[in-house]
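Report on the following structure.
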Amino acid sequence: MTTPPSSVPTDVPLPPSTTQSERLFARAKAVTPGGVNSPVRAFRSVGGTPRFIREAHGAYLTDADGTRYVDYIGSWGPMILGHDFPAVRNAIQAALLRGTSFGAPGEGEVELAELVTRLTGAERVRFVNSGTEATMSALRLARGFTGRNFILKFRGNYHGHADGLLVEAGSGLLTNADALGAAAPSSAGVPAEYAALTLVSEYNDPAALDALMQERGHEIAAVIFEPVVGNAGVLIPTPEFLAALHRVKDRGVVLIADEVMTGFRLSLNGATGLLGLQPDLTCWGKIIGGGLPVGAYGGRAEIMDFVSPQGPVYQAGTLSGNPLAMAAGLATLRELEADPELYVRLEAYTTQLAAGLKDLAAKAGVPLTVNHVGSMLTAFFVDAPGGIRTYAQAAPSDTKAFAAWFQHLLARGIYWAPSQFESIFVSAAHTDLELNATLEAARGAYKEL
């Protein structure tokens with residue numbers, strides 16, 4: 001295991017050593033669309049060459065050129081314990097000796113399902129291979145259970161790349177808005193007729209939700225939402241909005257909490273437990289697989305029993321319940337359960353980071369609004385004295401200023417999320433060393449804007 005450096009150079013930018021990443025990027029572009037296997041990785045919104053990562057340990061990434069960075073992406077959320085955590089690595093190694101895939105049930109699936117249901121209160125759970133697959137399957141289940149066709153989502157919430165969910169989505173999809181037009185789906189290739197089955201309301205606008213349910217609630221199979229939004233930047237729900245969400249159930253609508261990002265990150269019961277939510281179904285991903293490809297959906301037995309082979313709603317997957325992924329998820333959740341103070345420490349670090357970023361920005365005269373909850377944080381480059389609660393308030397952020405700030409941080413050894421409209425993630429491996437290095441790098445980055 002690589003030992004983290006005793007200090008991180010932040011006084012002057014690191015030499016621009018990207019030779020190997022540039023070579024790998026050129027090779028990748030010849031065989032892969034855009035040179036990447038997920039769009040935000042391409043650095044399109046921030047410019048420059050994406051770093052190709054060679055290895056990761058603790059709170060650090062090392063790129064193909066040997067440059068080491070303090071990592072605030074954590075594989076976009078799963079690495080809550082830090083990279084290469086010994087217990088998770090050992091669990092994967094032990095599972096590997098027993099085989100990589102069975103195509104048949106295994107004990108690990110049962111153990112992880114028992115743990116997830118105990119921690120979350122879900123009565124049934126079905127494992128899949130990604131967060132997109134989880135949300136897609138949950139919506140099909142809601143339609144099969146209710147016999148209704150329409151679903152409702154919220155502007156700026158991202159639920160994966162299934163056709164019906166690429167409507168008014170967030171994060172990387174914001175970059176497509178100019179080409180597609182305000183009323184179009186968020187991606188080419190999504191038929192307008194299919195997207196028409198998706199209704200859209202405003203996140204944190206309880207009156208709008210109530211009005212839409214009054215008019216069309218009888219047609220809606222499900223309302224799907226991010227309890228804490230992470231793909232329009234971090235947006236935190238108001239109590240009034242949470243109450244309105246629960247009222248949709250009075251109309252026979254299935255309430256689906258998309259906890260792919262927040263599940264087991266904000267608490268052992270995710271945002272659902274932290275905020276006192278009572279969804280009918282919940283979708284999980286990221287942390288539930290300990291860094292390996294896993295998704296899951298679960299909830300009330302009455303609804304989940306509609307899933308095949310017990311019920312009429314078909315869903316299947318060759319690698320669902322993969323033994324390596326089950327082992328990684330079990331090890332991760334067991335570590336989290338064994339250390340209940342971990343969430344307190346994560347929040348304390350994130351709070352200090354937020355306060356430091358705001359203070360340094362104010363001293364440098366840089367407009368900045370920081371949203372954070374638990375171990376999730378977004379620094380919006382916009383002056384919003386009343387705070388940012390909605391997609392509309394986040395959208396005017398100065399993406400050019402953010403891109404410049406991102407590059408200055410990167411040059412100082414800090415790997416931030418390469419998009420203004422993403423959350424960063426703090427892990428248990430981050431210490432005062434990384435916090436101080438980050439704030440010192442931010443100080444220099446603000447000065448150079």
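Quick note on naming: the chains in the structure tokens go A, B, ... in the order shown, residues restart at 1 in each chain, and ligands are numbered from 1 in order of appearance.
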
query = What's the 12 Å shell around Ala211 of chain A, counting only C-alpha atoms, without same-chain residues fewer than 2 positions away, as number ranges by chain?
reply = A: 201-202, 205-209, 213-217, 244, 247-248

request  = Taking the chain letters and numbering used in this document, name the residues of segment 384-440 of chain A that DSSP puts in alpha helix (DSSP H), as a PyMOL selection string.
outcome  = chain A and resi 391-394+399-411+432-440

Each residue of segment 236-340 of chain A lying at most 12 Å from segment 73-79 of chain A should get a row with its shortest atom-to-atom pair and the distance in Å to one decimal, counting only C-alpha atoms; could you produce that, ordered by chain and increasing number, as a tab-separated table?
residue	atom	partner	partner_atom	distance
A:Glu259	CA	A:Gly77	CA	11.4
A:Val260	CA	A:Gly77	CA	9.2
A:Met261	CA	A:Gly77	CA	6.5
A:Thr262	CA	A:Gly77	CA	8.4
A:Gly263	CA	A:Pro78	CA	9.8
A:Phe264	CA	A:Pro78	CA	9.4
A:Arg265	CA	A:Gly77	CA	7.9
A:Leu266	CA	A:Gly77	CA	11.0
A:Trp284	CA	A:Pro78	CA	11.0
A:Gly285	CA	A:Pro78	CA	8.1
A:Lys286	CA	A:Pro78	CA	4.4
A:Ile287	CA	A:Pro78	CA	4.1
A:Ile288	CA	A:Pro78	CA	7.7
A:Gly289	CA	A:Pro78	CA	7.5
A:Gly290	CA	A:Pro78	CA	5.9
A:Gly291	CA	A:Pro78	CA	5.2
A:Leu292	CA	A:Pro78	CA	8.5
A:Pro293	CA	A:Pro78	CA	9.9
A:Val294	CA	A:Pro78	CA	10.3
A:Gly295	CA	A:Pro78	CA	11.5
A:Ala328	CA	A:Pro78	CA	10.8
A:Gly329	CA	A:Pro78	CA	9.8
A:Thr332	CA	A:Met79	CA	9.0
A:Leu333	CA	A:Pro78	CA	11.1
A:Leu336	CA	A:Met79	CA	11.7

request  = Would you kindly return, as a list in words, each protein, DNA or RNA residue with an atom no farther than 7 Å from any atom of segment 121-132 of chain A, considering only C-alpha atoms and excluding same-chain residues fewer than 6 positions away?
outcome  =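 Here the qualifying residues turn out to be Ala113, His159, Gly160, His161, Ala162, Val260, Trp284, Gly285, Pro293, Val294, Gly295, Ala296, Tyr297, Gly298, Gly299, Arg300, Ala301, Met304, Gly317, Ser320 and Gly321 of chain A.
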
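If you count only C-alpha atoms and ignore residues fewer than 5 places along the chain from Leu199 of chain A, what sits within 10 Å of it is A:Phe150, A:Ile151, A:Leu152, A:Lys153, A:Phe154, A:Arg155, A:Gly164, A:Leu165, A:Val167, A:Glu168, A:Leu212, A:Arg216, A:Ile220, A:Val223.
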
Would you save the residues from that selection as a CSV table (one decimal), in the first residue's frame, using N, CA and C atoms?
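So the final result, stored in again_37.csv, reads:
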chain,number,residue,atom,x,y,z
A,150,PHE,N,-47.5,7.5,-16.4
A,150,PHE,CA,-46.7,8.7,-16.3
A,150,PHE,C,-45.8,8.6,-15.0
A,151,ILE,N,-44.6,9.2,-15.1
A,151,ILE,CA,-43.8,9.4,-13.9
A,151,ILE,C,-43.5,10.9,-13.8
A,152,LEU,N,-43.1,11.3,-12.6
A,152,LEU,CA,-42.7,12.7,-12.4
A,152,LEU,C,-41.3,12.7,-11.7
A,153,LYS,N,-40.5,13.6,-12.3
A,153,LYS,CA,-39.2,13.9,-11.7
A,153,LYS,C,-39.0,15.4,-11.5
A,154,PHE,N,-37.9,15.8,-11.0
A,154,PHE,CA,-37.7,17.2,-10.7
A,154,PHE,C,-36.5,17.7,-11.5
A,155,ARG,N,-36.7,18.9,-12.0
A,155,ARG,CA,-35.7,19.6,-12.8
A,155,ARG,C,-34.3,19.6,-12.1
A,164,GLY,N,-36.4,7.5,-20.3
A,164,GLY,CA,-37.5,8.3,-19.7
A,164,GLY,C,-37.0,9.2,-18.6
A,165,LEU,N,-35.7,9.1,-18.2
A,165,LEU,CA,-35.2,9.9,-17.1
A,165,LEU,C,-34.2,11.0,-17.6
A,167,VAL,N,-34.6,13.8,-19.0
A,167,VAL,CA,-35.5,14.9,-19.2
A,167,VAL,C,-35.2,15.9,-18.1
A,168,GLU,N,-34.7,17.1,-18.5
A,168,GLU,CA,-34.4,18.1,-17.5
A,168,GLU,C,-33.4,17.5,-16.4
A,212,LEU,N,-49.6,20.1,-9.4
A,212,LEU,CA,-49.5,19.1,-10.4
A,212,LEU,C,-50.2,17.8,-10.0
A,216,ARG,N,-53.0,16.0,-12.1
A,216,ARG,CA,-52.7,14.8,-12.8
A,216,ARG,C,-52.3,13.6,-12.0
A,220,ILE,N,-50.3,9.4,-12.6
A,220,ILE,CA,-48.9,9.2,-12.3
A,220,ILE,C,-48.6,7.9,-11.5
A,223,VAL,N,-43.4,9.2,-8.3
A,223,VAL,CA,-42.5,10.4,-8.2
A,223,VAL,C,-41.2,9.9,-7.8

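Between atom CA of His408 of chain A and atom CA of Ala445 of chain A the separation is 5.0 Å.
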
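One distance worth recording is that between atom CA of Asp383 of chain A and atom CA of Leu368 of chain A, which is 5.5 Å.
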
inquiry  = I need the strand (DSSP E) residues of segment 218-400 of chain A per DSSP on the backbone, written as a PyMOL selection string.
reply    = chain A and resi 220-225+254-259+281-285+295-299+369-373+376-380

inquiry  = Let me make sure I understand: among A:Asp65, A:Glu111, A:Glu55, A:Glu440, which one has the smallest atom-to-atom distance to His83 of chain A if we use only C-alpha atoms?
reply    = A:Glu55

ask   = What separation in Å, quoted to one decimal, exists between atom CA of Ile414 of chain A and atom CA of Thr438 of chain A?
value =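 Pair atom CA of Ile414 of chain A / atom CA of Thr438 of chain A returns 6.5 Å.
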
ask   = Near Val228 of chain A, within 10 Å and counting only C-alpha atoms, which residues show up once chain neighbours fewer than 3 positions away are dropped, as number ranges by chain?
value = A: 157, 225, 231, 233-237, 257-259, 261-262, 266, 270-272, 275, 372-373, 376

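Considering only C-alpha atoms, the residue among A:Asn371, A:Ser17, A:Thr49, A:Asn37 positioned nearest to Pro418 of chain A is A:Thr49.
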
query = Using only C-alpha atoms, which residue out of A:Phe381, A:Ala232, A:Asp280, A:Phe102 lies closest to Asp250 of chain A?
reply = A:Asp280
